[in-house]
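Raw start_25.txt, compact mmCIF, C-alpha atoms:
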# COMPACT_ATOMS: atom_id res chain seq x y z
CA MET Y 22 -13.18 -5.30 -9.50
CA ASN Y 23 -9.43 -5.91 -9.53
CA PHE Y 24 -9.46 -8.92 -7.20
CA ASP Y 25 -8.52 -11.97 -9.24
CA LEU Y 26 -4.88 -13.00 -9.25
CA GLY Y 27 -3.71 -13.43 -12.81
CA ALA Y 28 -7.01 -12.33 -14.37
CA ASN Y 29 -5.25 -9.40 -16.02
CA LEU Y 30 -1.98 -10.57 -17.53
CA ASP Y 31 -0.69 -7.03 -17.91
CA HIS Y 32 -1.58 -5.28 -14.65
CA PRO Y 33 -1.26 -6.73 -11.11
CA SER Y 34 -4.24 -7.31 -8.87
CA TYR Y 35 -5.05 -5.15 -5.88
CA PHE Y 36 -3.74 -7.81 -3.47
CA GLU Y 37 -0.34 -7.85 -5.17
CA VAL Y 38 -0.12 -4.05 -5.01
CA ALA Y 39 -1.14 -3.97 -1.34
CA ALA Y 40 1.28 -6.77 -0.44
CA GLN Y 41 4.30 -5.14 -2.07
CA GLU Y 42 3.55 -1.85 -0.31
CA ARG Y 43 3.91 -3.60 3.07
CA VAL Y 44 7.36 -5.09 2.38
CA ILE Y 45 9.48 -2.03 3.23
CA PRO Y 46 7.60 -1.10 6.46
CA ALA Y 47 7.92 -4.73 7.60
CA LEU Y 48 11.65 -4.76 6.82
CA PHE Y 49 12.15 -1.47 8.66
CA ALA Y 50 10.31 -2.81 11.73
CA ALA Y 51 12.42 -5.98 11.69
CA PHE Y 52 15.64 -3.98 11.23
CA GLU Y 53 14.76 -1.62 14.09
CA HIS Y 54 13.74 -4.47 16.38
CA ALA Y 55 16.89 -6.50 15.70
CA LEU Y 56 19.13 -3.45 16.14
CA THR Y 57 17.38 -2.55 19.39
CA VAL Y 58 17.83 -6.05 20.80
CA VAL Y 59 21.52 -6.21 19.87
CA ALA Y 60 22.28 -2.63 20.92
CA ALA Y 61 20.73 -3.21 24.34
CA ARG Y 62 23.31 -5.95 24.88
CA HIS Y 63 26.25 -3.96 23.47
CA PRO Y 64 25.46 -0.26 23.97
CA SER Y 65 29.08 0.90 23.91
CA ALA Y 66 29.58 -0.41 20.37
CA LEU Y 67 26.13 0.12 18.84
CA LEU Y 68 24.78 3.15 20.67
CA ARG Y 69 25.55 5.61 17.86
CA ILE Y 70 24.21 3.26 15.19
CA HIS Y 71 21.00 2.81 17.17
CA ASN Y 72 20.58 6.57 17.52
CA LEU Y 73 21.03 6.81 13.72
CA ARG Y 74 18.95 3.75 12.86
CA ASP Y 75 16.74 5.69 10.45
CA GLU Y 76 19.75 6.97 8.54
CA ALA Y 77 21.40 3.53 8.49
CA PHE Y 78 18.31 1.78 7.16
CA PHE Y 79 17.43 4.33 4.50
CA LEU Y 80 21.05 4.57 3.33
CA LEU Y 81 21.02 0.82 2.79
CA LEU Y 82 17.62 1.12 1.16
CA LEU Y 83 18.96 3.83 -1.17
CA LEU Y 84 21.68 1.52 -2.48
CA ILE Y 85 19.27 -1.38 -2.97
CA GLU Y 86 16.51 0.68 -4.60
CA ARG Y 87 18.95 2.37 -6.94
CA GLN Y 88 20.27 -0.99 -8.12
CA CYS Y 89 16.77 -2.46 -8.50
CA LEU Y 90 15.55 0.52 -10.52
CA HIS Y 91 18.59 0.31 -12.74
CA SER Y 92 18.44 -3.44 -13.34
CA SER Y 93 14.72 -4.23 -13.31
CA ASP Y 94 12.80 -0.92 -13.60
CA ALA Y 95 11.15 -1.68 -10.25
CA SER Y 96 11.58 -1.06 -6.56
CA MET Y 97 12.84 -3.82 -4.31
CA ALA Y 98 9.32 -4.79 -3.19
CA GLU Y 99 7.96 -4.67 -6.73
CA HIS Y 100 10.86 -6.81 -7.97
CA LEU Y 101 10.01 -9.48 -5.35
CA PHE Y 102 6.51 -9.73 -6.87
CA SER Y 103 7.85 -9.73 -10.46
CA LEU Y 104 6.40 -6.30 -11.19
CA ARG Y 105 7.94 -3.39 -13.04
CA ARG Y 106 7.29 0.30 -13.53
CA ALA Y 107 6.33 1.38 -17.03
CA PRO Y 108 5.71 4.88 -18.39
CA ILE Y 109 2.22 5.80 -19.53
CA SER Y 110 3.74 6.62 -22.93
CA ARG Y 111 4.56 3.90 -25.43
CA HIS Y 112 8.21 3.77 -24.41
CA PRO Y 113 8.74 0.37 -22.69
CA ASP Y 114 11.51 1.39 -20.25
CA MET Y 115 11.86 4.06 -17.61
CA THR Y 116 13.97 7.10 -18.37
CA PRO Y 117 16.86 8.22 -16.12
CA ASN Y 118 14.63 11.06 -14.89
CA HIS Y 119 11.97 8.51 -13.90
CA ARG Y 120 14.56 6.57 -11.91
CA ARG Y 121 15.82 9.63 -10.06
CA LEU Y 122 12.31 10.76 -9.15
CA SER Y 123 11.36 7.23 -8.14
CA LEU Y 124 14.31 7.18 -5.75
CA LEU Y 125 13.03 10.43 -4.29
CA PHE Y 126 9.60 8.94 -3.59
CA LEU Y 127 10.93 5.53 -2.50
CA VAL Y 128 13.66 6.68 -0.11
CA ALA Y 129 13.66 10.42 0.60
CA LEU Y 130 9.93 10.79 1.25
CA PRO Y 131 9.65 7.76 3.62
CA TYR Y 132 12.76 8.99 5.47
CA VAL Y 133 11.28 12.43 6.02
CA ARG Y 134 7.98 10.90 7.12
CA ALA Y 135 9.79 8.60 9.57
CA LYS Y 136 11.68 11.52 11.13
CA LEU Y 137 8.52 13.61 11.38
CA GLN Y 138 6.68 10.67 12.90
CA ARG Y 139 9.33 10.38 15.63
CA LEU Y 140 9.25 14.12 16.17
CA CYS Y 141 5.47 14.13 16.60
CA SER Y 142 5.32 11.04 18.82
CA PRO Y 143 4.63 11.86 22.50
CA PRO Y 144 7.56 11.44 24.90
CA LEU Y 145 7.83 8.06 26.55
CA ASP Y 146 7.13 9.44 30.03
CA GLN Y 147 3.84 10.98 28.83
CA GLN Y 148 2.38 8.10 26.84
CA GLU Y 149 0.60 6.47 29.75
CA GLY Y 150 0.34 9.42 32.12
CA GLY Y 151 3.21 8.21 34.31
CA ASP Y 152 6.94 7.85 34.39
CA GLY Y 153 9.04 6.09 31.81
CA LEU Y 154 9.02 2.73 33.57
CA GLU Y 155 5.22 2.67 33.77
CA ALA Y 156 4.95 3.53 30.09
CA VAL Y 157 7.40 0.80 29.16
CA ASP Y 158 5.51 -1.73 31.29
CA ALA Y 159 2.35 -0.70 29.49
CA MET Y 160 4.11 -1.27 26.17
CA GLY Y 161 4.91 -4.78 27.30
CA GLY Y 162 1.24 -5.68 27.35
CA GLY Y 163 0.97 -6.15 31.08
CA GLY Y 164 -2.53 -7.54 31.92
CA ASP Y 165 -3.88 -7.97 28.43
CA GLY Y 166 -2.91 -11.26 26.86
CA ASN Y 167 -3.73 -9.99 23.37
CA ALA Y 168 -1.45 -6.95 23.56
CA PHE Y 169 1.82 -6.82 21.65
CA SER Y 170 4.67 -7.90 23.91
CA VAL Y 171 7.80 -5.79 23.50
CA PRO Y 172 11.03 -7.74 24.23
CA VAL Y 173 12.78 -7.11 27.52
CA GLU Y 174 15.76 -5.52 25.78
CA ALA Y 175 13.54 -3.17 23.81
CA ARG Y 176 11.69 -2.07 26.93
CA ARG Y 177 14.96 -1.46 28.77
CA TRP Y 178 16.34 0.41 25.78
CA ALA Y 179 13.24 2.58 25.61
CA VAL Y 180 13.89 3.64 29.18
CA MET Y 181 17.58 4.20 28.45
CA GLU Y 182 16.77 6.47 25.52
CA THR Y 183 14.92 8.90 27.78
CA PHE Y 184 18.21 9.70 29.49
CA PHE Y 185 20.23 10.43 26.34
CA PRO Y 186 20.61 14.07 25.24
CA SER Y 187 19.32 13.26 21.75
CA THR Y 188 15.89 12.36 23.12
CA SER Y 189 15.67 14.44 26.28
CA ASN Y 190 15.68 18.00 24.93
CA ARG Y 191 12.30 18.80 26.43
CA PRO Y 192 12.16 21.90 28.62
CA PRO Y 193 11.61 21.50 32.38
CA GLN Y 194 8.06 21.30 33.60
CA GLY Y 195 6.53 24.62 34.51
CA MET Y 196 8.42 26.61 31.85
CA GLU Y 197 6.06 25.98 28.94
CA VAL Y 198 3.63 28.76 29.83
CA GLY Y 199 4.20 32.07 28.12
CA ARG Y 200 7.09 31.03 25.91
CA THR Y 201 7.28 31.13 22.11
CA ARG Y 202 6.40 27.89 20.38
CA SER Y 203 9.42 26.20 18.84
CA TRP Y 204 9.55 24.91 15.28
CA LYS Y 205 9.29 21.35 16.57
CA GLU Y 206 5.99 22.14 18.27
CA VAL Y 207 4.68 23.80 15.12
CA ILE Y 208 5.60 20.76 13.04
CA ALA Y 209 4.08 18.46 15.67
CA ALA Y 210 0.83 20.43 15.44
CA VAL Y 211 0.70 20.56 11.63
CA TYR Y 212 2.08 17.19 10.58
CA PRO Y 213 -0.86 15.03 11.80
CA PHE Y 214 -3.12 16.84 9.32
CA VAL Y 215 -0.54 16.43 6.53
CA HIS Y 216 -0.19 12.75 7.40
CA ALA Y 217 -3.97 12.31 7.36
CA GLY Y 218 -4.15 13.98 3.94
CA ILE Y 219 -1.43 11.71 2.53
CA GLU Y 220 -3.07 8.55 3.87
CA LEU Y 221 -6.46 9.69 2.58
CA SER Y 222 -5.07 10.24 -0.92
CA VAL Y 223 -3.44 6.79 -0.86
CA LEU Y 224 -6.75 5.27 0.24
CA VAL Y 225 -8.61 7.03 -2.57
CA TYR Y 226 -6.17 5.71 -5.18
CA HIS Y 227 -6.41 2.21 -3.72
CA ILE Y 228 -10.20 2.30 -4.01
CA LEU Y 229 -10.03 3.66 -7.54
CA TYR Y 230 -7.48 1.00 -8.53
CA LEU Y 231 -9.60 -1.69 -6.90
CA PHE Y 232 -12.61 -0.70 -9.02
CA GLU Y 233 -10.38 -0.29 -12.11
CA ARG Y 234 -11.05 3.43 -12.38
CA THR Y 235 -7.38 4.34 -12.63
CA ARG Y 236 -4.17 2.76 -13.87
CA HIS Y 237 -2.15 4.24 -10.99
CA SER Y 238 -2.10 2.35 -7.69
CA SER Y 239 -0.76 5.33 -5.70
CA PRO Y 240 -0.56 9.12 -6.01
CA TRP Y 241 3.23 8.87 -6.31
CA LEU Y 242 2.98 6.82 -9.50
CA ARG Y 243 0.43 9.31 -10.81
CA ALA Y 244 2.86 12.16 -10.17
CA LEU Y 245 5.61 10.25 -11.99
CA LYS Y 246 3.26 9.23 -14.85
CA LEU Y 247 4.12 5.57 -14.25
CA GLU Y 248 2.06 2.43 -13.78
CA LEU Y 249 2.73 -1.04 -12.44
CA LYS Y 250 2.80 -3.95 -14.86
CA ARG Y 251 3.70 -7.60 -14.64
CA ALA Y 252 7.18 -8.31 -15.97
CA THR Y 253 7.02 -10.67 -18.93
CA GLN Y 254 9.74 -12.90 -20.34
CA ASP Y 255 10.52 -10.30 -23.00
CA ASP Y 256 10.94 -7.67 -20.30
CA PHE Y 257 13.37 -9.87 -18.37
CA VAL Y 258 15.43 -10.52 -21.53
CA ARG Y 259 15.51 -6.83 -22.45
CA MET Y 260 16.51 -5.76 -18.95
CA ALA Y 261 19.15 -8.50 -18.70
CA GLU Y 262 20.74 -7.30 -21.95
CA ARG Y 263 20.75 -3.73 -20.63
CA VAL Y 264 22.38 -4.85 -17.37
CA GLN Y 265 25.04 -6.80 -19.28
CA ARG Y 266 25.89 -3.75 -21.38
CA SER Y 267 26.14 -1.63 -18.24
CA ARG Y 268 28.36 -4.17 -16.53
CA ALA Y 269 30.61 -4.46 -19.58
CA SER Y 270 31.11 -0.70 -19.73
CA ARG Y 271 31.76 -0.62 -15.97
CA MET Y 272 34.38 -3.38 -16.17
CA ALA Y 273 35.99 -1.69 -19.18
CA TRP Y 274 36.30 1.50 -17.14
CA ALA Y 275 37.86 -0.45 -14.26
CA GLY Y 276 40.30 -2.14 -16.65
CA ALA Y 277 41.55 1.25 -17.84
CA GLN Y 278 42.67 2.24 -14.33
CA PRO Y 279 46.19 1.74 -12.90
CA LEU Y 280 47.02 -1.72 -11.57
CA PRO Y 281 46.15 -1.29 -7.85
CA LEU Y 282 42.90 0.51 -8.60
CA ARG Y 283 42.11 -1.91 -11.41
CA LEU Y 284 42.15 -4.88 -9.05
CA LEU Y 285 40.22 -3.03 -6.37
CA PHE Y 286 37.45 -1.81 -8.70
CA SER Y 287 37.22 -5.16 -10.50
CA LEU Y 288 36.79 -7.03 -7.22
CA ALA Y 289 34.21 -4.52 -5.97
CA PHE Y 290 32.19 -4.62 -9.21
CA LYS Y 291 32.24 -8.42 -9.41
CA SER Y 292 31.14 -8.72 -5.77
CA TRP Y 293 28.30 -6.30 -6.37
CA HIS Y 294 27.24 -8.19 -9.50
CA VAL Y 295 27.11 -11.50 -7.61
CA LEU Y 296 25.13 -9.87 -4.81
CA ASN Y 297 22.69 -8.38 -7.30
CA ASP Y 298 22.26 -11.68 -9.16
CA ASN Y 299 21.35 -13.40 -5.87
CA PHE Y 300 19.29 -10.53 -4.49
CA LYS Y 301 16.25 -12.52 -3.37
CA VAL Y 302 18.35 -15.18 -1.65
CA THR Y 303 20.39 -12.46 0.09
CA LEU Y 304 17.26 -10.67 1.28
CA PHE Y 305 15.72 -13.81 2.75
CA GLY Y 306 19.08 -14.70 4.28
CA LEU Y 307 19.26 -11.33 6.03
CA ALA Y 308 15.73 -11.79 7.34
CA LEU Y 309 16.73 -15.21 8.69
CA VAL Y 310 19.84 -13.73 10.35
CA PHE Y 311 17.74 -11.01 12.03
CA LYS Y 312 15.28 -13.60 13.30
CA LEU Y 313 18.03 -15.87 14.60
CA ALA Y 314 19.70 -12.96 16.37
CA ASP Y 315 16.40 -12.01 17.98
CA TRP Y 316 15.80 -15.61 19.08
CA TRP Y 317 19.38 -16.00 20.38
CA TYR Y 318 19.37 -12.92 22.59
CA THR Y 319 15.80 -13.44 23.78
CA SER Y 320 16.40 -17.10 24.70
CA SER Y 321 19.74 -16.32 26.38
CA ASP Y 322 18.11 -13.67 28.57
CA ARG Y 323 15.28 -16.03 29.43
CA ASP Y 324 17.74 -18.80 30.39
CA ALA Y 325 19.81 -16.36 32.44
CA SER Y 326 16.75 -15.09 34.29
CA THR Y 327 15.52 -18.62 35.09
CA SER Y 328 18.94 -19.90 36.17
CA THR Y 329 19.62 -17.02 38.60
CA ALA Y 330 16.09 -16.69 39.93
CA VAL Y 331 15.72 -17.26 43.68
CA ILE Y 332 12.57 -19.10 44.68
CA LEU Y 333 11.33 -17.62 47.95
CA PRO Y 334 10.04 -20.05 50.57
CA PRO Y 335 6.40 -19.83 51.58
CA PRO Y 336 5.67 -17.42 54.43
CA PRO Y 337 5.34 -18.92 57.93
CA ARG Y 338 1.91 -20.05 58.97
CA PRO Y 339 0.24 -17.34 61.05
CA GLN Y 340 -0.38 -18.09 64.71
CA ARG Y 341 -3.94 -18.17 65.97
CA ALA Y 342 -4.81 -15.12 68.01
CA ALA Y 343 -6.05 -15.54 71.53
CA GLY Y 344 -9.74 -16.27 71.38
CA GLY Y 345 -9.65 -16.49 67.60
CA LEU Y 346 -11.08 -19.12 65.31
CA ARG Y 347 -9.45 -22.50 65.12
CA LEU Y 348 -8.38 -23.67 61.72
CA PRO Y 349 -10.43 -26.61 60.45
CA PRO Y 350 -8.77 -30.05 60.74
CA LYS Y 351 -9.36 -30.78 57.05
CA LYS Y 352 -9.27 -28.77 53.91
CA GLY Y 353 -12.63 -27.85 52.46
CA LEU Y 354 -14.25 -27.16 55.85
CA CYS Y 355 -15.47 -23.75 56.99
CA PRO Y 356 -13.64 -22.47 60.10
CA ILE Y 357 -16.94 -21.06 61.48
CA CYS Y 358 -19.54 -23.79 60.91
CA SER Y 359 -17.04 -26.67 60.51
CA HIS Y 360 -19.09 -28.00 57.58
CA SER Y 361 -18.19 -28.36 53.92
CA LEU Y 362 -17.73 -25.03 52.20
CA GLN Y 363 -20.88 -23.78 50.50
CA ASN Y 364 -20.15 -21.12 47.88
CA PRO Y 365 -16.53 -20.60 49.12
CA THR Y 366 -15.59 -16.99 49.72
CA ALA Y 367 -12.10 -15.71 50.64
CA ALA Y 368 -11.78 -12.96 53.25
CA SER Y 369 -9.09 -10.31 53.30
CA SER Y 370 -7.17 -12.38 55.84
CA GLY Y 371 -6.76 -15.16 53.31
CA LEU Y 372 -9.09 -17.62 55.05
CA VAL Y 373 -11.95 -19.18 53.09
CA PHE Y 374 -15.45 -19.32 54.57
CA CYS Y 375 -18.92 -20.18 53.44
CA TYR Y 376 -20.59 -17.20 51.83
CA ARG Y 377 -23.29 -16.97 54.53
CA CYS Y 378 -20.76 -17.41 57.33
Take the structure in this file and express it as structure tokens.
Amino acid sequence: MNFDLGANLDHPSYFEVAAQERVIPALFAAFEHALTVVAARHPSALLRIHNLRDEAFFLLLLLIERQCLHSSDASMAEHLFSLRRAPISRHPDMTPNHRRLSLLFLVALPYVRAKLQRLCSPPLDQQEGGDGLEAVDAMGGGGDGNAFSVPVEARRWAVMETFFPSTSNRPPQGMEVGRTRSWKEVIAAVYPFVHAGIELSVLVYHILYLFERTRHSSPWLRALKLELKRATQDDFVRMAERVQRSRASRMAWAGAQPLPLRLLFSLAFKSWHVLNDNFKVTLFGLALVFKLADWWYTSSDRDASTSTAVILPPPPRPQRAAGGLRLPPKKGLCPICSHSLQNPTAASSGLVFCYRC
């Protein structure tokens, strides 16, 4: 079984493959969460970006994945684990066609799946059988200490989104009967089966890769006729030489332009080269910035809520009704038998009696 880390010097273990597949979903969740928290505080400036958060993230991912495939023959997640994509043939490097198709599976396919997932998700006001506020309170993990707690800004933003035209195109209640099904409803009815088929195929390839029955860790690599391998020192040297040749040709092209464009292109290319050389540090720095922004806004809201909170005084002590029971002179005594409480039991009035009393 493909369990041992480093047992096979050529191919990665199953744990490495599974870990790198979780990098992009985790980054997308962090990006969406950070953008939601910040946009809830500044909706006038970030409302449009929040509504286009899928497009913003996958556009950024497209630029990063394209550069990683060009410089290291690997996706961003695979590059973090020092893996690379290699053709099944004897050729050591990926072809330009391999890179273009890899971009399609790394960016375009997850983007389409994310949009279909949002399209097929139930509306917020129908998730818990109540209105939007009740559903958002349920998302916050009210009552269950083990439930995931959504930040206050995210819960408010979820309610705000139900009032925007982009997310409130549902027809009025009572008009669904007898009308023709829209294309969104057809997709919402079909996509769960397509999604189940995709996940089942991925699971099958994971099991086969785990038992070393296939060289492909996913159906997408099988379709591209690629496999994952550990990047060796020779691979790093070969890819570095290829990157240097590409950079030299790019700078030579920029040097052939007129003076204003020459300076502009040279500065842009050099900045991109520095960013690419420090890719891992930049990625971890962005993750730290997102976390600090989340902590800053969450802590500021918590401090604001505690500083402006009004502590209500206790209610006045109720007066004894005429002919009613007298309150015991000491705590811990039953108002009926005037003895120490035996198996204390609270009544609906708030008084505590012995269970038998």
**Item:** Among listed residues Y:Ser203, Y:Ser103, Y:Thr366, Y:Ser270, nearest Y:Lys250 (using only C-alpha atoms)
**Value:** Y:Ser103
**Request:** Would you work out the distance separating atom CA of Y:Leu81 from atom CA of Y:Leu137, expressed in Å to one decimal?
**Result:**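 A separation of 19.8 Å between them.
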Would you place a box with edges along x, y and z of the file around all atoms of stretch 246-263 of chain Y listed there, add 6 Å to each of its six sides, and report the centre and edge lengths in Å to one decimal, as lines of an AutoDock Vina configuration file?
center_x = 11.4
center_y = -1.8
center_z = -17.7
size_x = 30.7
size_y = 34.1
size_z = 22.6
**Item:** Coordinates-based distance that separates atom CA of Y:Tyr132 from atom CA of Y:Ala210 (Å, one decimal)
**Value:**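 Separating atom CA of Y:Ala210 from atom CA of Y:Tyr132 is a distance of 19.3 Å.
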**Request:** Could you please determine the separation between atom CA of Y:Phe78 and atom CA of Y:Phe52 in Å, to one decimal place?
**Result:** 7.5 Å
**Request:** Find the residue from Y:Arg74, Y:Arg43, Y:Arg121, Y:Lys351 that sits nearest to Y:Ala60; use all atoms listed in the file when measuring.
**Result:**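 The answer is Y:Arg74, which sits nearest to Y:Ala60.
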**Top pick for closest residue to Y:Glu42, considering Y:Ser239, Y:Tyr226, Y:Val59, Y:Leu73 and counting all atoms listed in the file** = Y:Ser239
**Message:** Counting all atoms listed in the file, which residue out of Y:His54, Y:His71, Y:Arg111, Y:His216 sits closest to Y:Leu247?
**Reply:** Y:Arg111
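Residue nearest Y:Leu284, chosen from Y:Val133, Y:Leu229, Y:Met272, Y:Leu83 and counting all atoms listed in the file: Y:Met272.
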**Prompt:** Within 10 Å of Y:Lys205, counting only C-alpha atoms, which residues qualify if same-chain residues fewer than 6 places away don't, as a list of chain:residue names?
**Reply:** Y:Leu137, Y:Leu140, Y:Cys141, Y:Val211
So that I have them on file, write out the residues from the current selection with C-alpha atoms, as a compact mmCIF listing (two decimals), keeping the file's coordinate frame.
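Now in out.txt:
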# COMPACT_ATOMS: atom_id res chain seq x y z
CA LEU Y 137 8.52 13.61 11.38
CA LEU Y 140 9.25 14.12 16.17
CA CYS Y 141 5.47 14.13 16.60
CA VAL Y 211 0.70 20.56 11.63
Could the residues of stretch 209-282 of chain Y that have an atom at most 10 Å from stretch 98-101 of chain Y be listed as JSON lines, each with its closest atom pair and the distance in Å to one decimal, counting only C-alpha atoms and ordered by chain and ascending residue number?
{"residue": "Y:Leu249", "atom": "CA", "partner": "Y:Glu99", "partner_atom": "CA", "distance": 8.6}
{"residue": "Y:Lys250", "atom": "CA", "partner": "Y:Glu99", "partner_atom": "CA", "distance": 9.7}
{"residue": "Y:Arg251", "atom": "CA", "partner": "Y:Glu99", "partner_atom": "CA", "distance": 9.4}
{"residue": "Y:Ala252", "atom": "CA", "partner": "Y:His100", "partner_atom": "CA", "distance": 8.9}
**Message:** Considering all atoms listed in the file, can you say which of Y:Met97, Y:Ile228, Y:Leu56, Y:Ile357 comes closest to Y:Arg377?
**Reply:**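 Among Y:Met97, Y:Ile228, Y:Leu56, Y:Ile357, it is Y:Ile357 that comes nearest to Y:Arg377.
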Please complete stretch 253-274 of chain Y with N, CA and C atoms and give it back as a short mmCIF file (atom, residue, chain, number, x, y, z; two decimals), in the coordinates of the input.
data_model
loop_
_atom_site.label_atom_id
_atom_site.label_comp_id
_atom_site.auth_asym_id
_atom_site.auth_seq_id
_atom_site.Cartn_x
_atom_site.Cartn_y
_atom_site.Cartn_z
N THR Y 253 7.11 -9.50 -18.07
CA THR Y 253 7.02 -10.67 -18.93
C THR Y 253 8.42 -11.21 -19.25
N GLN Y 254 8.46 -12.31 -19.97
CA GLN Y 254 9.74 -12.90 -20.34
C GLN Y 254 10.53 -11.95 -21.24
N ASP Y 255 9.84 -11.27 -22.14
CA ASP Y 255 10.52 -10.30 -23.00
C ASP Y 255 11.12 -9.15 -22.19
N ASP Y 256 10.41 -8.73 -21.17
CA ASP Y 256 10.94 -7.67 -20.30
C ASP Y 256 12.20 -8.13 -19.59
N PHE Y 257 12.19 -9.36 -19.07
CA PHE Y 257 13.37 -9.87 -18.37
C PHE Y 257 14.56 -9.97 -19.33
N VAL Y 258 14.33 -10.41 -20.56
CA VAL Y 258 15.43 -10.52 -21.53
C VAL Y 258 15.98 -9.14 -21.87
N ARG Y 259 15.07 -8.18 -22.10
CA ARG Y 259 15.51 -6.83 -22.45
C ARG Y 259 16.29 -6.18 -21.30
N MET Y 260 15.81 -6.35 -20.09
CA MET Y 260 16.51 -5.76 -18.95
C MET Y 260 17.82 -6.46 -18.67
N ALA Y 261 17.88 -7.78 -18.89
CA ALA Y 261 19.15 -8.50 -18.70
C ALA Y 261 20.19 -8.03 -19.71
N GLU Y 262 19.80 -7.81 -20.95
CA GLU Y 262 20.74 -7.30 -21.95
C GLU Y 262 21.24 -5.90 -21.56
N ARG Y 263 20.32 -5.08 -21.04
CA ARG Y 263 20.75 -3.73 -20.63
C ARG Y 263 21.71 -3.80 -19.46
N VAL Y 264 21.49 -4.71 -18.51
CA VAL Y 264 22.38 -4.85 -17.37
C VAL Y 264 23.75 -5.36 -17.83
N GLN Y 265 23.76 -6.29 -18.78
CA GLN Y 265 25.04 -6.80 -19.28
C GLN Y 265 25.84 -5.70 -19.97
N ARG Y 266 25.17 -4.86 -20.74
CA ARG Y 266 25.89 -3.75 -21.38
C ARG Y 266 26.45 -2.78 -20.33
N SER Y 267 25.67 -2.53 -19.30
CA SER Y 267 26.14 -1.63 -18.24
C SER Y 267 27.31 -2.23 -17.49
N ARG Y 268 27.25 -3.52 -17.22
CA ARG Y 268 28.36 -4.17 -16.53
C ARG Y 268 29.61 -4.20 -17.39
N ALA Y 269 29.45 -4.43 -18.69
CA ALA Y 269 30.61 -4.46 -19.58
C ALA Y 269 31.30 -3.10 -19.63
N SER Y 270 30.51 -2.04 -19.71
CA SER Y 270 31.11 -0.70 -19.73
C SER Y 270 31.78 -0.38 -18.39
N ARG Y 271 31.17 -0.86 -17.29
CA ARG Y 271 31.76 -0.62 -15.97
C ARG Y 271 33.08 -1.37 -15.83
N MET Y 272 33.14 -2.61 -16.26
CA MET Y 272 34.38 -3.38 -16.17
C MET Y 272 35.44 -2.83 -17.12
N ALA Y 273 35.01 -2.31 -18.27
CA ALA Y 273 35.99 -1.69 -19.18
C ALA Y 273 36.59 -0.44 -18.55
N TRP Y 274 35.76 0.31 -17.83
CA TRP Y 274 36.30 1.50 -17.14
C TRP Y 274 37.27 1.09 -16.06
#
